[in-house]
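For reference, my_file.txt (compact mmCIF, C-alpha atoms):
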# COMPACT_ATOMS: atom_id res chain seq x y z
CA MET A 1008 0.00 0.00 0.00
CA ILE A 1009 1.14 3.53 -0.79
CA ARG A 1010 -0.13 6.38 1.37
CA PHE A 1011 -0.76 9.66 -0.43
CA THR A 1012 -2.38 13.06 -0.13
CA LYS A 1013 -4.36 14.76 -2.86
CA MET A 1014 -3.80 18.53 -2.96
CA GLN A 1015 -4.68 21.33 -5.34
CA GLY A 1016 -3.55 24.84 -6.14
CA ILE A 1017 -6.43 26.72 -7.83
CA GLY A 1018 -7.65 23.48 -9.36
CA ASN A 1019 -4.26 22.17 -10.53
CA ASP A 1020 -4.46 18.87 -8.63
CA TYR A 1021 -1.68 16.39 -7.91
CA ILE A 1022 -1.15 13.30 -5.83
CA TYR A 1023 1.59 13.90 -3.23
CA VAL A 1024 3.66 11.09 -1.75
CA ASN A 1025 5.98 11.56 1.24
CA GLY A 1026 9.18 9.99 -0.03
CA PHE A 1027 10.68 10.09 3.47
CA ARG A 1028 8.45 7.18 4.45
CA GLU A 1029 6.91 5.77 1.26
CA LYS A 1030 8.67 4.06 -1.67
CA VAL A 1031 7.32 4.34 -5.20
CA PRO A 1032 9.44 1.94 -7.32
CA ASP A 1033 8.05 3.11 -10.68
CA PRO A 1034 6.83 6.72 -10.38
CA ALA A 1035 5.96 7.02 -14.08
CA ALA A 1036 3.67 3.98 -14.00
CA PHE A 1037 2.19 5.02 -10.65
CA SER A 1038 1.43 8.50 -12.02
CA ARG A 1039 -0.39 7.05 -15.04
CA PHE A 1040 -2.34 4.70 -12.78
CA ILE A 1041 -3.40 7.07 -10.02
CA SER A 1042 -3.99 10.09 -12.30
CA ASP A 1043 -6.70 8.33 -14.30
CA ARG A 1044 -9.95 10.12 -13.44
CA HIS A 1045 -12.08 7.02 -14.04
CA LEU A 1046 -9.93 4.09 -12.93
CA GLY A 1047 -7.60 5.82 -10.45
CA CYS A 1048 -7.80 8.71 -8.02
CA GLY A 1049 -7.83 11.47 -10.62
CA SER A 1050 -5.14 14.15 -10.88
CA ASP A 1051 -2.90 16.13 -13.20
CA GLY A 1052 0.01 13.98 -12.07
CA LEU A 1053 2.21 12.82 -9.23
CA ILE A 1054 4.60 14.77 -7.00
CA LEU A 1055 7.16 13.05 -4.79
CA ILE A 1056 8.53 14.91 -1.75
CA LEU A 1057 12.09 13.75 -1.13
CA PRO A 1058 15.28 14.54 0.82
CA SER A 1059 17.72 16.96 -0.82
CA GLN A 1060 21.44 17.63 -0.48
CA LYS A 1061 21.00 21.08 -2.05
CA ALA A 1062 17.87 22.46 -0.35
CA ASP A 1063 15.46 21.77 2.50
CA PHE A 1064 13.43 19.38 0.33
CA GLN A 1065 13.34 17.98 -3.19
CA MET A 1066 10.35 17.65 -5.50
CA ARG A 1067 9.98 15.32 -8.47
CA MET A 1068 6.87 15.69 -10.59
CA PHE A 1069 5.35 13.35 -13.15
CA ASN A 1070 2.61 14.29 -15.58
CA ALA A 1071 -0.55 12.24 -16.01
CA ASP A 1072 1.02 10.44 -18.98
CA GLY A 1073 4.01 9.38 -16.87
CA SER A 1074 6.52 11.82 -18.36
CA GLU A 1075 8.67 13.64 -15.83
CA GLY A 1076 8.28 17.41 -15.73
CA LEU A 1077 10.77 20.05 -14.68
CA MET A 1078 8.63 22.39 -12.58
CA CYS A 1079 5.08 23.09 -11.45
CA GLY A 1080 4.27 26.43 -9.85
CA ASN A 1081 1.03 25.25 -8.27
CA GLY A 1082 2.72 22.04 -7.21
CA VAL A 1083 5.54 23.74 -5.31
CA ARG A 1084 3.03 25.71 -3.24
CA CYS A 1085 1.33 22.50 -2.20
CA VAL A 1086 4.70 20.95 -1.33
CA ALA A 1087 5.27 23.86 1.06
CA LYS A 1088 1.88 23.29 2.65
CA TYR A 1089 2.50 19.56 2.95
CA VAL A 1090 5.90 19.75 4.62
CA HIS A 1091 4.64 22.33 7.13
CA ASP A 1092 1.17 20.95 7.89
CA TYR A 1093 2.37 17.33 8.10
CA GLY A 1094 5.23 18.18 10.43
CA LEU A 1095 8.26 17.70 8.19
CA THR A 1096 9.36 21.23 9.14
CA ASP A 1097 8.31 24.01 11.48
CA LYS A 1098 9.81 26.71 9.25
CA THR A 1099 7.64 29.02 7.19
CA SER A 1100 10.42 29.78 4.69
CA ILE A 1101 12.02 26.87 2.86
CA THR A 1102 14.05 26.06 -0.23
CA LEU A 1103 12.92 23.37 -2.65
CA GLU A 1104 15.04 21.52 -5.19
CA THR A 1105 13.30 20.94 -8.53
CA LYS A 1106 14.57 19.90 -11.93
CA GLY A 1107 13.88 23.51 -12.91
CA GLY A 1108 16.21 24.86 -10.22
CA ILE A 1109 16.03 25.63 -6.50
CA LYS A 1110 12.98 27.66 -5.47
CA SER A 1111 12.47 29.77 -2.34
CA LEU A 1112 9.02 29.61 -0.74
CA GLU A 1113 7.41 31.78 1.93
CA MET A 1114 4.27 30.50 3.65
CA SER A 1115 1.35 32.47 5.07
CA LEU A 1116 -0.49 30.73 7.92
CA GLY A 1117 -4.18 30.86 8.77
CA ALA A 1118 -5.75 31.14 12.22
CA ASP A 1119 -5.53 27.35 12.60
CA GLY A 1120 -1.75 27.44 12.09
CA LYS A 1121 -1.93 25.71 8.72
CA VAL A 1122 -0.63 27.09 5.44
CA GLU A 1123 -3.18 29.06 3.41
CA ALA A 1124 -1.03 30.73 0.75
CA VAL A 1125 2.54 30.57 -0.51
CA ARG A 1126 4.76 33.13 -2.24
CA VAL A 1127 7.31 31.51 -4.52
CA ASP A 1128 10.49 32.95 -5.95
CA MET A 1129 10.20 31.27 -9.34
CA GLY A 1130 13.66 32.39 -10.44
CA LYS A 1131 14.40 34.28 -13.59
CA ALA A 1132 12.44 34.01 -16.80
CA HIS A 1133 14.68 32.89 -19.66
CA LEU A 1134 13.96 34.25 -23.11
CA ASP A 1135 16.88 32.91 -25.14
CA SER A 1136 15.63 30.37 -27.62
CA ALA A 1137 18.17 27.73 -26.65
CA SER A 1138 16.94 27.74 -23.05
CA VAL A 1139 13.24 27.30 -23.85
CA PRO A 1140 14.16 25.41 -26.16
CA VAL A 1141 12.90 26.50 -29.59
CA ARG A 1142 14.25 25.28 -32.92
CA THR A 1143 15.04 28.65 -34.47
CA SER A 1144 17.96 30.82 -35.51
CA LEU A 1145 16.43 33.76 -33.63
CA PRO A 1146 18.12 34.55 -30.28
CA GLU A 1147 14.67 35.17 -28.75
CA PHE A 1148 11.26 34.07 -29.98
CA ILE A 1149 8.98 37.01 -29.20
CA HIS A 1150 5.67 37.60 -31.03
CA GLN A 1151 6.76 35.48 -33.98
CA PRO A 1152 4.32 34.14 -36.59
CA VAL A 1153 3.95 30.35 -36.58
CA ILE A 1154 1.61 28.09 -38.53
CA VAL A 1155 -0.23 25.79 -36.07
CA ASN A 1156 -3.13 23.58 -37.12
CA GLY A 1157 -3.09 25.30 -40.52
CA GLU A 1158 -3.51 28.82 -39.08
CA THR A 1159 -0.98 31.59 -38.44
CA VAL A 1160 -0.64 32.51 -34.76
CA TYR A 1161 1.88 34.67 -32.93
CA LEU A 1162 3.92 33.01 -30.18
CA THR A 1163 6.17 34.36 -27.44
CA CYS A 1164 8.34 31.68 -25.89
CA VAL A 1165 9.55 31.76 -22.29
CA SER A 1166 11.27 29.24 -20.04
CA MET A 1167 10.25 29.23 -16.39
CA GLY A 1168 12.29 26.10 -15.77
CA ASN A 1169 9.97 24.45 -18.29
CA PRO A 1170 9.03 25.54 -21.83
CA HIS A 1171 6.08 27.84 -22.54
CA ALA A 1172 4.56 29.33 -25.69
CA VAL A 1173 2.19 32.23 -25.05
CA THR A 1174 -0.36 33.44 -27.59
CA PHE A 1175 -2.80 36.32 -27.09
CA VAL A 1176 -6.39 35.73 -28.21
CA GLU A 1177 -9.75 37.50 -28.10
CA ASP A 1178 -11.55 34.89 -26.01
CA PRO A 1179 -9.70 31.93 -24.48
CA MET A 1180 -12.96 30.43 -23.22
CA ALA A 1181 -14.27 30.02 -26.76
CA LEU A 1182 -11.37 27.82 -27.87
CA ASP A 1183 -11.63 24.06 -28.33
CA LEU A 1184 -8.35 23.17 -26.61
CA GLU A 1185 -8.91 19.43 -26.93
CA LYS A 1186 -8.81 19.94 -30.69
CA ILE A 1187 -6.07 22.55 -31.07
CA GLY A 1188 -3.85 21.90 -28.04
CA PRO A 1189 -1.92 18.90 -29.38
CA GLY A 1190 -0.90 20.90 -32.46
CA TYR A 1191 0.98 23.32 -30.21
CA GLU A 1192 2.36 20.71 -27.82
CA HIS A 1193 3.87 18.58 -30.59
CA HIS A 1194 4.85 21.37 -33.01
CA PRO A 1195 8.26 20.76 -34.66
CA LEU A 1196 9.50 24.04 -33.17
CA PHE A 1197 9.66 22.43 -29.73
CA PRO A 1198 12.04 19.48 -29.33
CA HIS A 1199 10.83 18.80 -25.77
CA ARG A 1200 7.18 19.65 -26.47
CA VAL A 1201 5.71 22.80 -24.93
CA ASN A 1202 3.08 24.16 -22.54
CA THR A 1203 0.82 26.64 -24.32
CA GLU A 1204 -1.01 29.58 -22.76
CA PHE A 1205 -3.99 31.22 -24.48
CA VAL A 1206 -4.27 34.69 -22.95
CA ARG A 1207 -6.70 37.60 -23.06
CA VAL A 1208 -5.70 41.03 -21.75
CA LEU A 1209 -8.61 42.31 -19.64
CA ASP A 1210 -6.78 45.44 -18.50
CA PRO A 1211 -3.13 46.42 -17.83
CA HIS A 1212 -3.15 44.61 -14.48
CA THR A 1213 -5.41 41.64 -15.29
CA LEU A 1214 -5.06 38.68 -17.63
CA GLN A 1215 -7.35 35.73 -18.36
CA MET A 1216 -5.67 32.46 -19.28
CA ARG A 1217 -6.30 28.87 -20.31
CA VAL A 1218 -3.50 26.38 -20.61
CA TRP A 1219 -2.68 23.22 -22.52
CA GLU A 1220 0.07 21.39 -20.62
CA ARG A 1221 2.43 18.95 -22.24
CA GLY A 1222 1.72 15.47 -20.96
CA SER A 1223 -1.53 16.41 -19.21
CA GLY A 1224 -3.74 18.30 -21.67
CA GLU A 1225 -5.88 21.16 -20.41
CA THR A 1226 -5.56 21.75 -16.67
CA MET A 1227 -7.47 24.09 -14.37
CA ALA A 1228 -4.34 26.13 -13.74
CA CYS A 1229 -0.60 26.36 -14.40
CA GLY A 1230 1.61 28.47 -12.15
CA THR A 1231 4.64 28.58 -14.44
CA GLY A 1232 2.25 29.31 -17.32
CA ALA A 1233 0.79 32.29 -15.45
CA CYS A 1234 4.33 33.56 -14.89
CA ALA A 1235 5.22 33.10 -18.57
CA SER A 1236 2.01 34.90 -19.59
CA VAL A 1237 2.83 37.95 -17.48
CA VAL A 1238 6.39 37.99 -18.82
CA ALA A 1239 5.07 37.86 -22.40
CA ALA A 1240 2.41 40.51 -21.73
CA THR A 1241 5.03 42.81 -20.22
CA LEU A 1242 7.43 42.31 -23.13
CA LEU A 1243 4.66 43.21 -25.60
CA GLY A 1244 3.57 46.28 -23.62
CA TYR A 1245 0.20 44.93 -22.49
CA CYS A 1246 1.16 45.09 -18.79
CA PRO A 1247 3.33 47.59 -16.90
CA LYS A 1248 6.79 46.62 -15.72
CA ASP A 1249 7.59 45.76 -12.11
CA GLU A 1250 3.98 45.67 -10.87
CA GLU A 1251 1.72 42.92 -9.56
CA ILE A 1252 -0.54 41.38 -12.20
CA THR A 1253 -3.59 39.21 -11.48
CA VAL A 1254 -4.05 36.18 -13.71
CA HIS A 1255 -7.52 34.59 -13.84
CA LEU A 1256 -7.32 30.85 -14.53
CA ARG A 1257 -10.14 28.33 -14.66
CA GLY A 1258 -9.35 27.20 -11.11
CA GLY A 1259 -8.80 30.61 -9.54
CA ASP A 1260 -6.42 33.57 -9.40
CA LEU A 1261 -2.67 33.98 -9.08
CA THR A 1262 -0.70 37.15 -8.40
CA ILE A 1263 2.48 37.49 -10.48
CA HIS A 1264 5.26 40.06 -10.07
CA TYR A 1265 7.83 40.26 -12.89
CA GLN A 1266 10.77 42.23 -11.57
CA PRO A 1267 13.28 44.32 -13.58
CA ASP A 1268 16.11 41.80 -13.05
CA GLY A 1269 13.98 39.08 -14.68
CA THR A 1270 12.96 37.35 -11.44
CA VAL A 1271 9.32 36.30 -11.18
CA PHE A 1272 7.36 35.93 -7.93
CA MET A 1273 4.09 34.01 -7.75
CA THR A 1274 1.57 34.08 -4.90
CA GLY A 1275 -1.44 31.80 -4.56
CA PRO A 1276 -3.34 29.36 -2.35
CA ALA A 1277 -2.65 25.71 -1.54
CA VAL A 1278 -5.36 23.29 -0.41
CA THR A 1279 -5.39 19.75 0.97
CA VAL A 1280 -8.23 17.70 -0.53
CA PHE A 1281 -7.92 14.34 1.22
CA ASP A 1282 -5.54 11.62 2.43
CA GLY A 1283 -5.69 8.04 1.24
CA GLU A 1284 -3.84 4.84 0.53
CA ILE A 1285 -3.87 2.63 -2.51
CA ASP A 1286 -2.60 -0.80 -3.49
CA PHE A 1287 -0.19 -0.56 -6.42
Take the structure in this file and express it as structure tokens.
Amino acid sequence: MIRFTKMQGIGNDYIYVNGFREKVPDPAAFSRFISDRHLGCGSDGLILILPSQKADFQMRMFNADGSEGLMCGNGVRCVAKYVHDYGLTDKTSITLETKGGIKSLEMSLGADGKVEAVRVDMGKAHLDSASVPVRTSLPEFIHQPVIVNGETVYLTCVSMGNPHAVTFVEDPMALDLEKIGPGYEHHPLFPHRVNTEFVRVLDPHTLQMRVWERGSGETMACGTGACASVVAATLLGYCPKDEEITVHLRGGDLTIHYQPDGTVFMTGPAVTVFDGEIDF
């Protein structure tokens, strides 16, 4: 039996396993099994909380299809809540090792002493094409025309520890992402596939976003995607520099601050859904 906790950050739900006490011999297979919303528990993937030699804790994340991801902004907030609320630490500021780099997290506690919200130093946004990566001779891929699904769209590519392609649209809610999403994810431009954000500018301090995540399809939210969207909106002049921007996602809101040195901060809630155990 494997004990787990289901948690969600504005609807981006993952299964969390405490790797200090539980062993998952095949995380990719376990993620595919438990993420199935009909035959398993239902989630966007699996996150393992592990010891680290570089930080307070380490996180490994696996998408619903079993592929290992580099980073998950909503996921790291829930890791912070888990390690505090389940007694792995009594600190309210921790560092977390991810495959997308080491992240610094600051927790806000509620009246019951449990974590309600987390502010994450997401590190610097990387715009150079090789870092995203994008197959192009351009040093940066900003508002460039690309043919996807037979139509010309304009993409701005950003790495937040994982690859993102942001496109600005009139109405994200009107899009059939199940139909068009795979065309972006598997486009030849992206050797490691890509997460795609479909963004509407509501006003200079407010964006609306839907996301198609590589390996998971459409999710209720994507923290790194919200960060990439604000970076892209700032680069294109839709949002002011060095100010907090609210991003409305299907699962809720995130607050993003893109600083002049390229560092991005993300603030949002983290929620425990339930604990369980499963035979695998």
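The shortest atom-to-atom distance to Glu1123 in chain A, with all atoms listed in the file taken into account, belongs to A:Gln1015 out of A:Thr1231, A:Ser1166, A:Asn1025, A:Gln1015.
The closest residue to Glu1225 in chain A, picked from A:Asn1081, A:Thr1012, A:Thr1241, A:Asn1019 and counting only C-alpha atoms, is A:Asn1019.
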Legend entry - Between CA of Met1227 in chain A and CA of Glu1192 in chain A - distance in Å to one decimal: 17.0 Å
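Atom to atom, CA of Thr1203 in chain A and CA of Val1127 in chain A stand 21.4 Å apart.
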Legend entry - Nearest to Val1165 in chain A, chosen from A:Cys1229, A:Ala1118, A:Val1271, A:Ala1132, with only C-alpha atoms counted in the distances: A:Ala1132
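Separating CA of His1150 in chain A from CA of Thr1262 in chain A is a distance of 23.5 Å.
Closest to His1264 in chain A among A:Met1129, A:Val1024, A:Val1031, A:Val1160 is A:Met1129, based on only C-alpha atoms.
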Inset, instruction - Using all atoms listed in the file, determine which residues lie at most 12 Å from Asp1249 in chain A, disregarding the query and same-chain residues fewer than 6 positions distant; provide the list as an MDAnalysis selection string. - result: chainID A and resid 1212 1237:1238 1241:1242 1263:1272
Leaving out Gly1283 in chain A and any residue of its chain fewer than 5 positions from it, which residues lie within 10 Å of it when counting all atoms listed in the file, given as a PDB file with C-alpha atoms, keeping the file's coordinate frame?
ATOM      1  CA  MET A1008       0.000   0.000   0.000  1.00  0.00           C
ATOM      2  CA  ILE A1009       1.140   3.530  -0.790  1.00  0.00           C
ATOM      3  CA  ARG A1010      -0.130   6.380   1.370  1.00  0.00           C
ATOM      4  CA  PHE A1011      -0.760   9.660  -0.430  1.00  0.00           C
ATOM      5  CA  THR A1012      -2.380  13.060  -0.130  1.00  0.00           C
ATOM      6  CA  LYS A1013      -4.360  14.760  -2.860  1.00  0.00           C
ATOM      7  CA  ILE A1022      -1.150  13.300  -5.830  1.00  0.00           C
ATOM      8  CA  CYS A1048      -7.800   8.710  -8.020  1.00  0.00           C
TER       9      CYS A1048
END
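Comparing the minimum interatomic distances between Val1173 in chain A and each of A:Glu1147, A:Glu1075, A:Asp1135, A:Glu1204, counting only C-alpha atoms, we find that A:Glu1204 sits nearest.
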Who sits within 9 Å of range 1219-1222 of chain A, all atoms listed in the file, same chain under 5 positions skipped, as a PDB file with C-alpha atoms, in the coordinates of the input:
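File produced: result27.pdb:
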ATOM      1  CA  PHE A1069       5.350  13.350 -13.150  1.00  0.00           C
ATOM      2  CA  ASN A1070       2.610  14.290 -15.580  1.00  0.00           C
ATOM      3  CA  ALA A1071      -0.550  12.240 -16.010  1.00  0.00           C
ATOM      4  CA  ASP A1072       1.020  10.440 -18.980  1.00  0.00           C
ATOM      5  CA  GLY A1073       4.010   9.380 -16.870  1.00  0.00           C
ATOM      6  CA  SER A1074       6.520  11.820 -18.360  1.00  0.00           C
ATOM      7  CA  GLU A1075       8.670  13.640 -15.830  1.00  0.00           C
ATOM      8  CA  GLY A1076       8.280  17.410 -15.730  1.00  0.00           C
ATOM      9  CA  LEU A1184      -8.350  23.170 -26.610  1.00  0.00           C
ATOM     10  CA  GLU A1185      -8.910  19.430 -26.930  1.00  0.00           C
ATOM     11  CA  GLY A1188      -3.850  21.900 -28.040  1.00  0.00           C
ATOM     12  CA  PRO A1189      -1.920  18.900 -29.380  1.00  0.00           C
ATOM     13  CA  TYR A1191       0.980  23.320 -30.210  1.00  0.00           C
ATOM     14  CA  GLU A1192       2.360  20.710 -27.820  1.00  0.00           C
ATOM     15  CA  HIS A1193       3.870  18.580 -30.590  1.00  0.00           C
ATOM     16  CA  ARG A1200       7.180  19.650 -26.470  1.00  0.00           C
ATOM     17  CA  VAL A1201       5.710  22.800 -24.930  1.00  0.00           C
ATOM     18  CA  ASN A1202       3.080  24.160 -22.540  1.00  0.00           C
ATOM     19  CA  THR A1203       0.820  26.640 -24.320  1.00  0.00           C
ATOM     20  CA  GLU A1204      -1.010  29.580 -22.760  1.00  0.00           C
ATOM     21  CA  PHE A1205      -3.990  31.220 -24.480  1.00  0.00           C
ATOM     22  CA  CYS A1229      -0.600  26.360 -14.400  1.00  0.00           C
ATOM     23  CA  GLY A1232       2.250  29.310 -17.320  1.00  0.00           C
TER      24      GLY A1232
END
Here's a test: counting all atoms listed in the file, identify every protein, DNA and RNA residue with an atom at most 10 Å from (-2.4, 13.0, -10.5) in the file's coordinate frame, and state them as a tab-separated table (two decimals) with C-alpha atoms, in the frame of the given file.
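Ended up saving to selection39.tsv:
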chain	number	residue	atom	x	y	z
A	1013	LYS	CA	-4.36	14.76	-2.86
A	1014	MET	CA	-3.80	18.53	-2.96
A	1019	ASN	CA	-4.26	22.17	-10.53
A	1020	ASP	CA	-4.46	18.87	-8.63
A	1021	TYR	CA	-1.68	16.39	-7.91
A	1022	ILE	CA	-1.15	13.30	-5.83
A	1023	TYR	CA	1.59	13.90	-3.23
A	1037	PHE	CA	2.19	5.02	-10.65
A	1038	SER	CA	1.43	8.50	-12.02
A	1039	ARG	CA	-0.39	7.05	-15.04
A	1040	PHE	CA	-2.34	4.70	-12.78
A	1041	ILE	CA	-3.40	7.07	-10.02
A	1042	SER	CA	-3.99	10.09	-12.30
A	1043	ASP	CA	-6.70	8.33	-14.30
A	1044	ARG	CA	-9.95	10.12	-13.44
A	1047	GLY	CA	-7.60	5.82	-10.45
A	1048	CYS	CA	-7.80	8.71	-8.02
A	1049	GLY	CA	-7.83	11.47	-10.62
A	1050	SER	CA	-5.14	14.15	-10.88
A	1051	ASP	CA	-2.90	16.13	-13.20
A	1052	GLY	CA	0.01	13.98	-12.07
A	1053	LEU	CA	2.21	12.82	-9.23
A	1054	ILE	CA	4.60	14.77	-7.00
A	1068	MET	CA	6.87	15.69	-10.59
A	1069	PHE	CA	5.35	13.35	-13.15
A	1070	ASN	CA	2.61	14.29	-15.58
A	1071	ALA	CA	-0.55	12.24	-16.01
A	1072	ASP	CA	1.02	10.44	-18.98
A	1073	GLY	CA	4.01	9.38	-16.87
A	1223	SER	CA	-1.53	16.41	-19.21
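Nearest residue to Cys1085 in chain A, choosing from A:Gly1244, A:Pro1152, A:Gly1230, A:Gly1258 and counting only C-alpha atoms: A:Gly1230.
All protein, DNA and RNA residues at most 6 Å from (12.6, 23.6, 3.2) are Asp1063, Phe1064, Ile1101, Thr1102 and Leu1103 of chain A, using only C-alpha atoms.
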Legend entry - Spatial neighbours of range 1105-1111 of chain A, max dist 8 Å, only C-alpha atoms, sep filter under 3 positions, as a count of residues only: 17
